[in-house]
>>> print(open('target_34.txt').read())   # compact mmCIF, C-alpha atoms and all ligand atoms
# COMPACT_ATOMS: atom_id res chain seq x y z
CA MET A 1345 26.99 8.06 14.66
CA PRO A 1346 26.77 4.69 12.91
CA VAL A 1347 23.60 3.76 11.05
CA THR A 1348 21.42 1.49 13.18
CA PHE A 1349 19.42 -1.42 11.81
CA CYS A 1350 16.72 -3.64 13.11
CA THR A 1351 15.32 -6.86 11.64
CA ASP A 1352 12.72 -9.48 12.56
CA LEU A 1353 14.13 -11.92 10.06
CA ASP A 1354 17.07 -13.91 11.28
CA LYS A 1355 18.60 -14.29 7.82
CA SER A 1356 22.33 -14.23 7.39
CA VAL A 1357 22.14 -12.52 3.96
CA LEU A 1358 20.54 -9.59 5.73
CA VAL A 1359 22.66 -9.35 8.85
CA THR A 1360 25.95 -9.95 6.98
CA ASN A 1361 25.07 -7.13 4.61
CA PHE A 1362 24.20 -4.70 7.37
CA GLU A 1363 27.27 -5.53 9.43
CA LYS A 1364 29.57 -5.24 6.43
CA ARG A 1365 28.47 -1.62 6.20
CA GLY A 1366 29.46 -1.07 9.83
CA TRP A 1367 25.84 -0.68 10.94
CA LEU A 1368 24.82 -1.29 14.52
CA HIS A 1369 22.19 -3.91 15.39
CA VAL A 1370 19.48 -2.48 17.65
CA GLY A 1371 16.05 -3.62 18.85
CA PRO A 1372 12.66 -2.40 17.58
CA GLU A 1373 12.21 -0.19 20.65
CA ASP A 1374 15.54 1.53 20.02
CA ASP A 1375 16.41 4.32 17.68
CA TRP A 1376 16.68 2.51 14.33
CA ASN A 1377 17.46 3.95 10.90
CA PHE A 1378 16.81 0.92 8.73
CA TYR A 1379 14.22 -1.74 9.50
CA TRP A 1380 13.98 -4.97 7.50
CA ALA A 1381 10.65 -6.07 8.90
CA GLY A 1382 8.16 -8.84 8.40
CA ILE A 1383 4.86 -7.65 6.93
CA GLN A 1384 3.06 -7.98 10.23
CA THR A 1385 5.54 -5.76 12.07
CA CYS A 1386 5.25 -3.21 9.32
CA ARG A 1387 1.46 -3.25 9.52
CA ASN A 1388 1.63 -2.76 13.29
CA LEU A 1389 4.08 0.12 13.00
CA PHE A 1390 1.88 1.95 10.53
CA SER A 1391 -1.38 1.30 12.34
CA ILE A 1392 -2.91 4.38 13.92
CA ASP A 1393 -3.03 2.63 17.31
CA SER A 1394 0.73 2.24 17.43
CA GLY A 1395 1.17 6.02 17.65
CA TYR A 1396 4.60 5.56 16.05
CA ARG A 1397 5.89 8.39 13.90
CA MET A 1398 9.00 7.89 11.82
CA ASN A 1399 11.61 10.58 11.51
CA ASP A 1400 13.43 11.63 8.35
CA ASN A 1401 16.28 9.19 8.96
CA GLN A 1402 14.17 6.06 9.15
CA ILE A 1403 13.28 3.74 6.29
CA ILE A 1404 11.48 0.40 6.16
CA ASN A 1405 11.18 -2.40 3.59
CA HIS A 1406 7.39 -2.50 3.02
CA PHE A 1407 4.63 -0.15 1.96
CA PRO A 1408 1.79 -0.33 4.49
CA ASN A 1409 -0.83 -1.47 1.94
CA HIS A 1410 1.44 -3.59 -0.25
CA TYR A 1411 -1.31 -6.23 -0.21
CA GLU A 1412 -3.04 -4.29 -3.00
CA LEU A 1413 -0.35 -5.83 -5.19
CA THR A 1414 0.59 -8.96 -3.29
CA ARG A 1415 -2.75 -10.50 -2.35
CA LYS A 1416 -3.90 -12.73 -5.17
CA ASP A 1417 -7.47 -11.42 -5.31
CA LEU A 1418 -6.55 -7.74 -4.95
CA LEU A 1419 -3.87 -7.94 -7.64
CA ILE A 1420 -6.49 -9.21 -10.09
CA LYS A 1421 -9.05 -6.65 -8.98
CA ASN A 1422 -6.57 -3.80 -9.40
CA ILE A 1423 -5.37 -4.89 -12.82
CA LYS A 1424 -8.94 -5.29 -14.04
CA ARG A 1425 -9.81 -1.84 -12.71
CA TYR A 1426 -6.71 -0.27 -14.26
CA ARG A 1427 -7.58 -1.67 -17.69
CA LYS A 1428 -11.17 -0.42 -17.40
CA GLU A 1429 -10.00 3.05 -16.39
CA LEU A 1430 -7.63 3.27 -19.35
CA GLU A 1431 -10.44 2.08 -21.59
CA ARG A 1432 -12.77 4.74 -20.25
CA GLU A 1433 -10.12 7.41 -20.89
CA GLY A 1434 -9.91 6.17 -24.47
CA ASN A 1435 -6.26 5.30 -23.95
CA PRO A 1436 -4.93 3.24 -26.90
CA LEU A 1437 -3.17 0.91 -24.45
CA ALA A 1438 -6.57 -0.52 -23.57
CA GLU A 1439 -7.33 -1.55 -27.14
CA ARG A 1440 -9.21 -4.84 -27.49
CA GLU A 1441 -9.34 -7.51 -30.16
CA ALA A 1442 -12.61 -8.85 -31.49
CA PRO A 1443 -13.53 -11.40 -28.77
CA GLY A 1444 -12.69 -8.90 -26.05
CA ARG A 1445 -9.06 -9.75 -25.34
CA TYR A 1446 -6.83 -6.79 -24.53
CA VAL A 1447 -4.13 -6.36 -27.15
CA TYR A 1448 -1.46 -4.94 -24.84
CA LEU A 1449 -2.72 -5.60 -21.34
CA ASP A 1450 -3.57 -9.29 -21.55
CA PHE A 1451 -0.92 -10.53 -19.14
CA ILE A 1452 -2.92 -12.22 -16.38
CA PRO A 1453 -4.75 -15.52 -16.93
CA VAL A 1454 -8.54 -15.12 -16.83
CA THR A 1455 -9.30 -15.12 -13.11
CA PHE A 1456 -12.31 -14.92 -10.79
CA VAL A 1457 -12.56 -14.53 -7.05
CA LEU A 1458 -14.60 -17.22 -5.30
CA PRO A 1459 -17.12 -17.38 -3.83
CA SER A 1460 -18.12 -13.82 -4.91
CA ASP A 1461 -17.66 -14.23 -8.68
CA TYR A 1462 -18.98 -17.79 -8.87
CA SER A 1463 -21.68 -17.15 -11.46
CA MET A 1464 -19.30 -15.20 -13.70
CA PHE A 1465 -16.89 -18.09 -13.45
CA VAL A 1466 -19.57 -20.62 -14.44
CA GLU A 1467 -20.44 -18.50 -17.46
CA GLU A 1468 -16.78 -18.46 -18.53
CA TYR A 1469 -16.37 -22.16 -17.77
CA ARG A 1470 -19.30 -23.08 -20.01
CA LYS A 1471 -17.73 -21.26 -22.95
CA ASN A 1472 -14.87 -23.70 -22.83
CA PRO A 1473 -15.79 -26.74 -20.73
CA HIS A 1474 -12.62 -28.67 -21.57
CA SER A 1475 -10.18 -26.24 -20.05
CA THR A 1476 -8.37 -26.68 -16.77
CA TRP A 1477 -8.54 -24.21 -13.89
CA ILE A 1478 -6.34 -23.67 -10.87
CA MET A 1479 -7.78 -22.86 -7.44
CA LYS A 1480 -5.60 -20.89 -5.05
CA PRO A 1481 -6.45 -19.70 -1.54
CA CYS A 1482 -5.95 -15.91 -1.34
CA GLY A 1483 -4.33 -15.97 2.05
CA LYS A 1484 -1.78 -18.74 1.55
CA SER A 1485 1.61 -19.11 -0.14
CA GLN A 1486 4.27 -21.65 -1.10
CA GLY A 1487 1.81 -23.77 -3.04
CA ALA A 1488 -0.35 -24.50 0.03
CA GLY A 1489 -4.00 -25.32 -0.60
CA ILE A 1490 -3.70 -25.18 -4.42
CA PHE A 1491 -5.48 -27.69 -6.67
CA LEU A 1492 -6.47 -28.08 -10.30
CA ILE A 1493 -9.93 -28.80 -11.63
CA ASN A 1494 -11.27 -29.64 -15.07
CA LYS A 1495 -14.87 -30.36 -14.13
CA LEU A 1496 -17.43 -28.07 -12.60
CA SER A 1497 -18.67 -31.01 -10.53
CA LYS A 1498 -15.33 -31.16 -8.75
CA LEU A 1499 -15.64 -27.51 -7.78
CA LYS A 1500 -19.19 -28.06 -6.56
CA ARG A 1501 -18.11 -31.05 -4.49
CA TRP A 1502 -15.23 -29.06 -3.03
CA SER A 1503 -17.58 -26.20 -2.18
CA ARG A 1504 -19.98 -28.57 -0.36
CA GLU A 1505 -17.22 -30.32 1.52
CA SER A 1506 -15.40 -27.18 2.55
CA LYS A 1507 -18.45 -25.66 4.20
CA THR A 1508 -18.25 -25.58 7.95
CA PRO A 1509 -21.80 -26.37 9.07
CA PHE A 1510 -20.83 -26.68 12.72
CA ASN A 1511 -19.57 -23.17 12.86
CA PRO A 1512 -21.50 -20.94 10.47
CA SER A 1513 -19.78 -17.82 11.81
CA VAL A 1514 -16.49 -18.91 10.23
CA VAL A 1515 -16.12 -16.91 7.08
CA LYS A 1516 -15.23 -19.17 4.22
CA GLU A 1517 -11.77 -18.52 2.91
CA SER A 1518 -11.71 -16.77 -0.44
CA TYR A 1519 -9.96 -18.27 -3.45
CA VAL A 1520 -8.95 -17.16 -6.87
CA ILE A 1521 -9.70 -19.47 -9.75
CA SER A 1522 -7.51 -18.87 -12.81
CA ARG A 1523 -7.31 -20.39 -16.22
CA TYR A 1524 -4.52 -22.92 -15.96
CA ILE A 1525 -1.69 -22.16 -18.40
CA ASP A 1526 -1.65 -25.66 -19.87
CA ASN A 1527 0.94 -24.95 -22.55
CA PRO A 1528 3.93 -23.79 -20.51
CA LEU A 1529 7.31 -23.50 -22.17
CA LEU A 1530 9.18 -26.67 -21.19
CA ILE A 1531 12.91 -27.14 -20.91
CA GLY A 1532 14.05 -30.75 -20.73
CA GLY A 1533 10.34 -31.63 -20.66
CA LYS A 1534 9.83 -29.76 -17.39
CA LYS A 1535 7.70 -26.84 -16.44
CA PHE A 1536 9.31 -23.83 -14.76
CA ASP A 1537 8.47 -20.31 -13.73
CA LEU A 1538 10.54 -17.15 -13.40
CA ARG A 1539 11.36 -15.57 -10.09
CA LEU A 1540 12.22 -11.94 -10.72
CA TYR A 1541 12.96 -9.32 -8.10
CA VAL A 1542 11.51 -5.86 -8.57
CA LEU A 1543 12.47 -3.01 -6.30
CA VAL A 1544 10.08 -0.10 -5.91
CA ALA A 1545 11.62 2.98 -4.32
CA SER A 1546 8.50 5.11 -4.78
CA PHE A 1547 5.01 4.69 -6.25
CA ARG A 1548 4.31 8.37 -7.02
CA PRO A 1549 6.34 9.13 -9.03
CA LEU A 1550 6.86 5.47 -9.87
CA LYS A 1551 10.50 4.42 -9.53
CA ALA A 1552 11.09 0.74 -10.18
CA TYR A 1553 14.13 -1.44 -10.82
CA LEU A 1554 14.53 -5.00 -12.07
CA PHE A 1555 17.22 -7.32 -10.69
CA LYS A 1556 19.11 -8.83 -13.62
CA LEU A 1557 19.97 -12.03 -11.75
CA GLY A 1558 16.49 -13.55 -11.60
CA PHE A 1559 16.13 -17.27 -12.21
CA CYS A 1560 13.88 -20.09 -13.36
CA ARG A 1561 12.50 -22.59 -10.86
CA PHE A 1562 11.90 -26.01 -12.29
CA CYS A 1563 9.51 -28.80 -11.53
CA THR A 1564 11.28 -32.07 -10.77
CA VAL A 1565 8.84 -34.22 -12.73
CA LYS A 1566 8.26 -34.13 -16.50
CA TYR A 1567 5.20 -32.20 -17.53
CA GLU A 1568 3.87 -33.86 -20.69
CA ALA A 1569 3.61 -37.34 -19.28
CA ASN A 1570 1.67 -36.04 -16.32
CA ILE A 1571 -0.65 -33.55 -17.90
CA GLN A 1572 -3.68 -35.71 -17.16
CA GLU A 1573 -2.57 -36.22 -13.59
CA LEU A 1574 -4.02 -33.08 -12.14
CA ASP A 1575 -3.10 -34.14 -8.64
CA ASN A 1576 0.62 -34.43 -9.25
CA MET A 1577 1.87 -31.15 -7.79
CA TYR A 1578 5.47 -32.02 -8.64
CA ALA A 1579 4.56 -31.55 -12.30
CA HIS A 1580 2.34 -28.47 -11.97
CA LEU A 1581 3.60 -26.21 -9.15
CA THR A 1582 7.05 -24.71 -9.47
CA ASN A 1583 7.38 -23.51 -5.86
CA VAL A 1584 10.70 -24.48 -4.31
CA SER A 1585 8.81 -25.29 -1.11
CA VAL A 1586 6.87 -27.95 -3.04
CA GLN A 1587 9.67 -29.24 -5.27
CA LYS A 1588 12.27 -29.62 -2.53
CA HIS A 1589 10.32 -32.65 -1.28
CA GLY A 1590 10.61 -34.26 -4.73
CA LEU A 1591 12.98 -37.19 -5.15
CA GLU A 1592 14.93 -35.60 -8.02
CA TYR A 1593 15.44 -32.22 -6.36
CA ASN A 1594 19.02 -32.52 -5.15
CA SER A 1595 20.31 -33.98 -8.39
CA MET A 1596 18.95 -30.85 -10.15
CA HIS A 1597 21.21 -28.46 -8.16
CA GLY A 1598 18.25 -26.89 -6.46
CA GLY A 1599 16.27 -26.83 -9.70
CA LYS A 1600 17.31 -23.35 -10.83
CA LEU A 1601 18.59 -21.81 -14.05
CA SER A 1602 19.74 -18.20 -14.31
CA ILE A 1603 17.79 -15.77 -16.42
CA GLN A 1604 20.90 -15.06 -18.52
CA ASN A 1605 21.14 -18.76 -19.38
CA LEU A 1606 17.45 -18.87 -20.18
CA ARG A 1607 18.01 -15.99 -22.57
CA LEU A 1608 20.91 -17.77 -24.27
CA TYR A 1609 18.92 -20.99 -24.50
CA LEU A 1610 15.98 -19.18 -26.11
CA GLU A 1611 18.19 -17.23 -28.50
CA CYS A 1612 19.65 -20.53 -29.70
CA THR A 1613 16.42 -22.52 -29.86
CA ARG A 1614 13.89 -19.84 -30.86
CA GLY A 1615 15.93 -16.98 -32.26
CA ARG A 1616 17.08 -13.57 -31.10
CA ALA A 1617 14.16 -11.44 -32.16
CA VAL A 1618 11.45 -13.43 -30.35
CA THR A 1619 13.63 -13.70 -27.25
CA GLU A 1620 14.10 -9.95 -27.27
CA THR A 1621 10.33 -9.47 -27.55
CA LEU A 1622 9.71 -11.86 -24.66
CA PHE A 1623 12.04 -9.96 -22.35
CA LYS A 1624 10.49 -6.64 -23.40
CA ASP A 1625 7.03 -8.07 -22.72
CA ILE A 1626 8.12 -9.19 -19.26
CA LYS A 1627 9.26 -5.67 -18.38
CA TRP A 1628 6.06 -4.31 -19.86
CA LEU A 1629 3.87 -6.50 -17.66
CA ILE A 1630 5.83 -5.60 -14.54
CA VAL A 1631 5.55 -1.87 -15.22
CA HIS A 1632 1.81 -2.09 -15.84
CA SER A 1633 1.15 -4.24 -12.80
CA LEU A 1634 2.85 -1.52 -10.75
CA LYS A 1635 0.96 1.26 -12.50
CA SER A 1636 -2.28 -0.53 -11.69
CA VAL A 1637 -1.68 0.12 -7.98
CA SER A 1638 0.50 3.23 -8.02
CA TYR A 1639 -2.47 5.53 -7.33
CA ILE A 1640 -3.83 3.54 -4.41
CA MET A 1641 -0.56 2.64 -2.72
CA ALA A 1642 0.19 4.67 0.38
CA ASN A 1643 3.14 6.59 -1.00
CA ASP A 1644 5.08 6.92 2.23
CA ARG A 1645 8.61 8.21 1.64
CA HIS A 1646 9.92 6.01 4.44
CA CYS A 1647 9.08 2.89 2.45
CA PHE A 1648 10.63 0.83 -0.28
CA GLU A 1649 9.80 -2.74 -1.22
CA CYS A 1650 11.39 -5.62 -3.07
CA TYR A 1651 8.74 -7.80 -4.71
CA GLY A 1652 9.17 -11.37 -5.88
CA TYR A 1653 7.41 -11.71 -9.24
CA ASP A 1654 6.23 -15.17 -10.34
CA ILE A 1655 5.93 -15.33 -14.13
CA ILE A 1656 5.15 -18.27 -16.40
CA ILE A 1657 6.19 -18.27 -20.06
CA ASP A 1658 3.98 -20.29 -22.38
CA ASN A 1659 5.17 -22.20 -25.43
CA GLN A 1660 4.27 -19.23 -27.64
CA LEU A 1661 6.79 -17.21 -25.58
CA LYS A 1662 4.09 -15.12 -24.01
CA PRO A 1663 4.73 -14.23 -20.36
CA TRP A 1664 1.91 -14.46 -17.81
CA LEU A 1665 1.90 -12.79 -14.43
CA ILE A 1666 1.06 -15.40 -11.80
CA GLU A 1667 1.55 -13.52 -8.55
CA VAL A 1668 3.58 -10.92 -6.70
CA ASN A 1669 5.14 -11.69 -3.32
CA ALA A 1670 5.87 -9.08 -0.66
CA SER A 1671 8.43 -11.17 1.19
CA PRO A 1672 10.26 -13.27 -1.39
CA SER A 1673 12.25 -16.05 0.23
CA LEU A 1674 15.74 -15.11 1.40
CA THR A 1675 16.59 -18.71 2.16
CA SER A 1676 19.42 -20.04 -0.01
CA THR A 1677 19.34 -23.46 -1.62
CA THR A 1678 22.93 -23.54 -2.96
CA VAL A 1679 26.16 -21.54 -2.68
CA SER A 1680 25.42 -19.61 -5.86
CA ASP A 1681 21.89 -18.91 -4.63
CA ARG A 1682 23.38 -17.50 -1.45
CA ILE A 1683 25.71 -15.22 -3.41
CA LEU A 1684 22.78 -14.05 -5.53
CA LYS A 1685 20.65 -13.17 -2.50
CA TYR A 1686 23.57 -11.42 -0.86
CA LYS A 1687 24.00 -9.24 -3.96
CA LEU A 1688 20.26 -8.63 -4.08
CA ILE A 1689 20.21 -7.19 -0.57
CA ASP A 1690 23.47 -5.26 -1.08
CA ASN A 1691 22.12 -3.64 -4.26
CA ILE A 1692 18.74 -2.84 -2.69
CA ILE A 1693 20.45 -1.00 0.15
CA SER A 1694 22.63 1.05 -2.16
CA ILE A 1695 19.66 2.07 -4.31
CA VAL A 1696 17.42 3.18 -1.46
CA LEU A 1697 20.11 5.07 0.47
CA PRO A 1698 21.49 8.46 -0.53
CA PRO A 1699 25.15 8.53 -1.63
CA ASP A 1700 26.36 9.26 1.93
CA GLY A 1701 24.83 5.95 3.07
CA ILE A 1702 22.55 7.45 5.73
CA PRO A 1703 18.80 6.85 5.34
CA ASP A 1704 17.09 10.14 4.55
CA VAL A 1705 13.57 10.55 3.19
CA ARG A 1706 14.40 14.01 1.85
CA TRP A 1707 16.69 12.50 -0.76
CA ASN A 1708 15.19 12.48 -4.26
CA LYS A 1709 15.87 8.76 -4.84
CA CYS A 1710 17.86 9.03 -8.05
CA PRO A 1711 20.68 6.52 -7.57
CA SER A 1712 23.76 6.50 -9.78
CA VAL A 1713 24.27 3.65 -12.24
CA GLU A 1714 27.05 2.28 -9.97
CA ALA A 1715 24.68 2.26 -7.00
CA MET A 1716 22.20 0.16 -9.01
CA GLY A 1717 24.64 -2.74 -9.20
CA ASN A 1718 22.78 -5.68 -10.75
CA PHE A 1719 19.51 -3.77 -10.96
CA GLU A 1720 18.43 -2.01 -14.11
CA LEU A 1721 16.00 0.87 -14.20
CA LEU A 1722 12.55 -0.22 -15.32
CA LEU A 1723 10.91 3.15 -15.00
CA ASP A 1724 11.43 6.47 -13.25
CA GLU A 1725 8.49 8.77 -13.87
CA GLU A 1726 10.37 11.70 -12.37
CA ILE A 1727 13.15 11.38 -14.95
CA ILE A 1728 10.58 10.95 -17.74
CA SER A 1729 8.66 14.05 -16.75
CA LYS A 1730 11.90 16.09 -16.44
CA ASN A 1731 12.96 14.97 -19.91
CA ASN A 1732 9.54 15.83 -21.24
CA GLU A 1733 9.74 19.28 -19.68
CA ASN A 1734 13.11 19.81 -21.33
CA THR A 1735 11.90 18.70 -24.72
CA GLY A 1736 8.61 20.57 -24.34
CA LYS A 1737 6.52 17.39 -24.62
CA VAL A 1738 3.31 17.13 -22.67
CA GLN A 1739 3.24 14.03 -20.55
CA ASP A 1740 0.14 12.01 -21.28
CA SER A 1741 -1.56 10.07 -18.53
CA ARG A 1742 -0.53 6.65 -17.31
CA GLY A 1743 0.54 5.07 -20.53
CA SER A 1744 3.41 7.50 -21.00
CA GLY A 1745 6.98 6.46 -21.43
CA HIS A 1746 6.29 3.31 -23.40
CA ASN A 1747 6.10 2.52 -27.02
CA ARG A 1748 5.44 -1.09 -27.67
CA LYS A 1749 4.30 -2.80 -30.84
N1 LIG A 1801 -2.65 -19.96 -13.92
C1 LIG A 1801 -1.64 -20.82 -13.76
N2 LIG A 1801 -1.24 -21.62 -14.77
C2 LIG A 1801 -0.24 -22.49 -14.61
N3 LIG A 1801 0.45 -22.65 -13.46
C3 LIG A 1801 0.11 -21.89 -12.40
C4 LIG A 1801 -0.96 -20.93 -12.50
N4 LIG A 1801 -1.06 -20.31 -11.29
C5 LIG A 1801 -0.13 -20.87 -10.49
N5 LIG A 1801 0.58 -21.82 -11.14
C6 LIG A 1801 1.67 -22.62 -10.59
O1 LIG A 1801 1.45 -22.73 -9.19
C7 LIG A 1801 2.52 -22.12 -8.46
C8 LIG A 1801 1.97 -21.46 -7.22
O2 LIG A 1801 1.04 -20.45 -7.56
P1 LIG A 1801 1.15 -19.01 -6.91
O3 LIG A 1801 0.04 -18.19 -7.46
O4 LIG A 1801 2.52 -18.48 -7.09
O5 LIG A 1801 0.80 -19.30 -5.38
P2 LIG A 1801 1.74 -19.45 -4.08
O6 LIG A 1801 1.44 -18.23 -3.27
O7 LIG A 1801 1.28 -20.69 -3.41
O8 LIG A 1801 3.17 -19.47 -4.54
C9 LIG A 1801 3.15 -21.16 -9.44
O9 LIG A 1801 4.48 -20.90 -9.10
C10 LIG A 1801 3.01 -21.90 -10.75
O10 LIG A 1801 4.01 -22.87 -10.89
MG MG A 1802 4.13 -18.10 -5.81
>>> encode(input="target_34.txt", output="structure tokens", more="lines below")
Ligand SMILES: Nc1ncnc2c1ncn2[C@@H]1O[C@H](COP(=O)(O)OP(=O)(O)O)[C@@H](O)[C@H]1O
Ligand SMILES: [Mg+2]
Amino acid sequence: MPVTFCTDLDKSVLVTNFEKRGWLHVGPEDDWNFYWAGIQTCRNLFSIDSGYRMNDNQIINHFPNHYELTRKDLLIKNIKRYRKELEREGNPLAEREAPGRYVYLDFIPVTFVLPSDYSMFVEEYRKNPHSTWIMKPCGKSQGAGIFLINKLSKLKRWSRESKTPFNPSVVKESYVISRYIDNPLLIGGKKFDLRLYVLVASFRPLKAYLFKLGFCRFCTVKYEANIQELDNMYAHLTNVSVQKHGLEYNSMHGGKLSIQNLRLYLECTRGRAVTETLFKDIKWLIVHSLKSVSYIMANDRHCFECYGYDIIIDNQLKPWLIEVNASPSLTSTTVSDRILKYKLIDNIISIVLPPDGIPDVRWNKCPSVEAMGNFELLLDEEIISKNNENTGKVQDSRGSGHNRK
């Protein structure tokens, strides 16, 4: 019997990959083995009302409550909670410097959820009234609804204007307000962010992989000259969906630079050691963002998920986690982008399937190095705990497996 697949996304990188493996395309009502679903379909399938029960030979590309990681407000809430819990346990990872900054876990810009945390935000704002903040609607993506502010009065005006007095029952949309990273690392005078792909095969034990072919997404407009122009989104937002409307976009080959070339560039301009530290810090922040939700994620063995991480590097070579996407774009901007996304999907499939290529939740999800392709292992808690058993070490709680700084 051939493996059957189903997908709601009409993307050629997906279908070409499935068909190359000889899989059979079926509908959602049919007997499918592998579903590449949109998040809504996944939510419906897992809802109690659907009455759907998956069998051992069915797997799907989302965890039912992935939003704990991928909604902007919940990501922040979970990371803050994780740090507090470690602190309460007396875990050295939660060490703080004098003014309160976490030494090892300071990888998200200071952020508040509005309207609920408004007074906490005002308190923080007053400490440093000259800084810039970025407002982002929790429920939107691709740069939609984002704006920068550097005056409290602007926020107050926005709050007044965005009220809906004619329909008081409409719940006001929630936003996150984050300290704007105003010293981004620039290349050619332009701001960029990293798009990294992280595959999670299981949350408990945590099994996560990093795709080595991530890339930088550039703004089309120079940053320095425009720093005072808070409204110029071509200088501040690195989303492809924003930048592709910019005049310079096509001449920049889709505005992307591979992560390997970024590494070479940094080794030459900043030196090997600091570049090495930066890349270690990036892995560190990814692992801890995942650990912050690993205990609340529904750990269904039918699920895996490939997250799109947005990371900004500042000019001190410190990486900042900006957001995590549950459905990173599979649209290709150039031929090489298409090849990259094809490899991404191909590698994901070979990691999440057992060696015989048939989805099976009873498999222990320990892929061979060959099956990982362009992914590298970030963390496999099962392997760590087995090694610890063999060496007689006691596994400590959630900070285990890392020794940084
Ligand atoms: N705190 C920040 N500092 C600097 N730039 C930011 C910050 N937050 C977001 N950005 C910029 O805005 C873009 C969009 O923000 P993001 O949180 O990824 O929302 P979206 O869901 O719209 O992509 C990012 O890719 C980045 O370029
Ligand atoms: Mg984004």
>>> residues_near_ligand(input="target_34.txt", ligand="ligand LIG 1801 (chain A)", cutoff="6 Å", atoms="only C-alpha atoms and all ligand atoms", output="MDAnalysis selection string")
chainID A and resid 1453 1484:1488 1522:1525 1537 1580:1583 1654 1666:1667
>>> closest_residue(input="target_34.txt", among="A:Leu1449, A:Ile1693, A:Leu1538, A:Leu1543", to="Ile1655 of chain A", atoms="all atoms listed in the file")
A:Leu1538
>>> closest_residue(input="target_34.txt", among="A:Asp1354, A:Asp1374, A:Glu1429, A:Asp1417", to="Ile1452 of chain A", atoms="only C-alpha atoms")
A:Asp1417
>>> atom_distance(input="target_34.txt", atom1="atom CA of Arg1415 of chain A", atom2="atom CA of Arg1548 of chain A")
20.7 Å
>>> residues_around(input="target_34.txt", residues="Tyr1578 of chain A", least_positions_apart="3", cutoff="12 Å", atoms="all atoms listed in the file", output="MDAnalysis selection string")
chainID A and resid 1487 1491 1534:1536 1561:1567 1570:1571 1573:1575 1581:1593
>>> residues_around(input="target_34.txt", residues="Tyr1653 of chain A", least_positions_apart="6", cutoff="9 Å", atoms="all atoms listed in the file", output="NGL selection string")
:A and (1538-1542 or 1630 or 1665-1669 or 1672)
>>> atom_distance(input="target_34.txt", atom1="atom CA of Asp1375 of chain A", atom2="atom CA of Asn1405 of chain A")
16.5 Å
>>> residues_near_point(input="target_34.txt", point="(15.8, -21.7, -24.7)", cutoff="12 Å", atoms="all atoms listed in the file", output="list of chain:residue names")
A:Leu1529, A:Leu1530, A:Ile1531, A:Gly1532, A:Cys1560, A:Leu1601, A:Ser1602, A:Ile1603, A:Gln1604, A:Asn1605, A:Leu1606, A:Arg1607, A:Leu1608, A:Tyr1609, A:Leu1610, A:Glu1611, A:Cys1612, A:Thr1613, A:Arg1614, A:Gly1615, A:Arg1616, A:Val1618, A:Thr1619, A:Leu1622, A:Ile1657, A:Asn1659, A:Leu1661
>>> closest_residue(input="target_34.txt", among="A:Asp1450, A:Glu1468, A:Asp1658, A:Glu1720", to="His1632 of chain A", atoms="only C-alpha atoms")
A:Asp1450
>>> closest_residue(input="target_34.txt", among="A:Asn1409, A:Ile1683, A:Asp1700, A:Pro1346", to="Thr1360 of chain A", atoms="all atoms listed in the file")
A:Ile1683
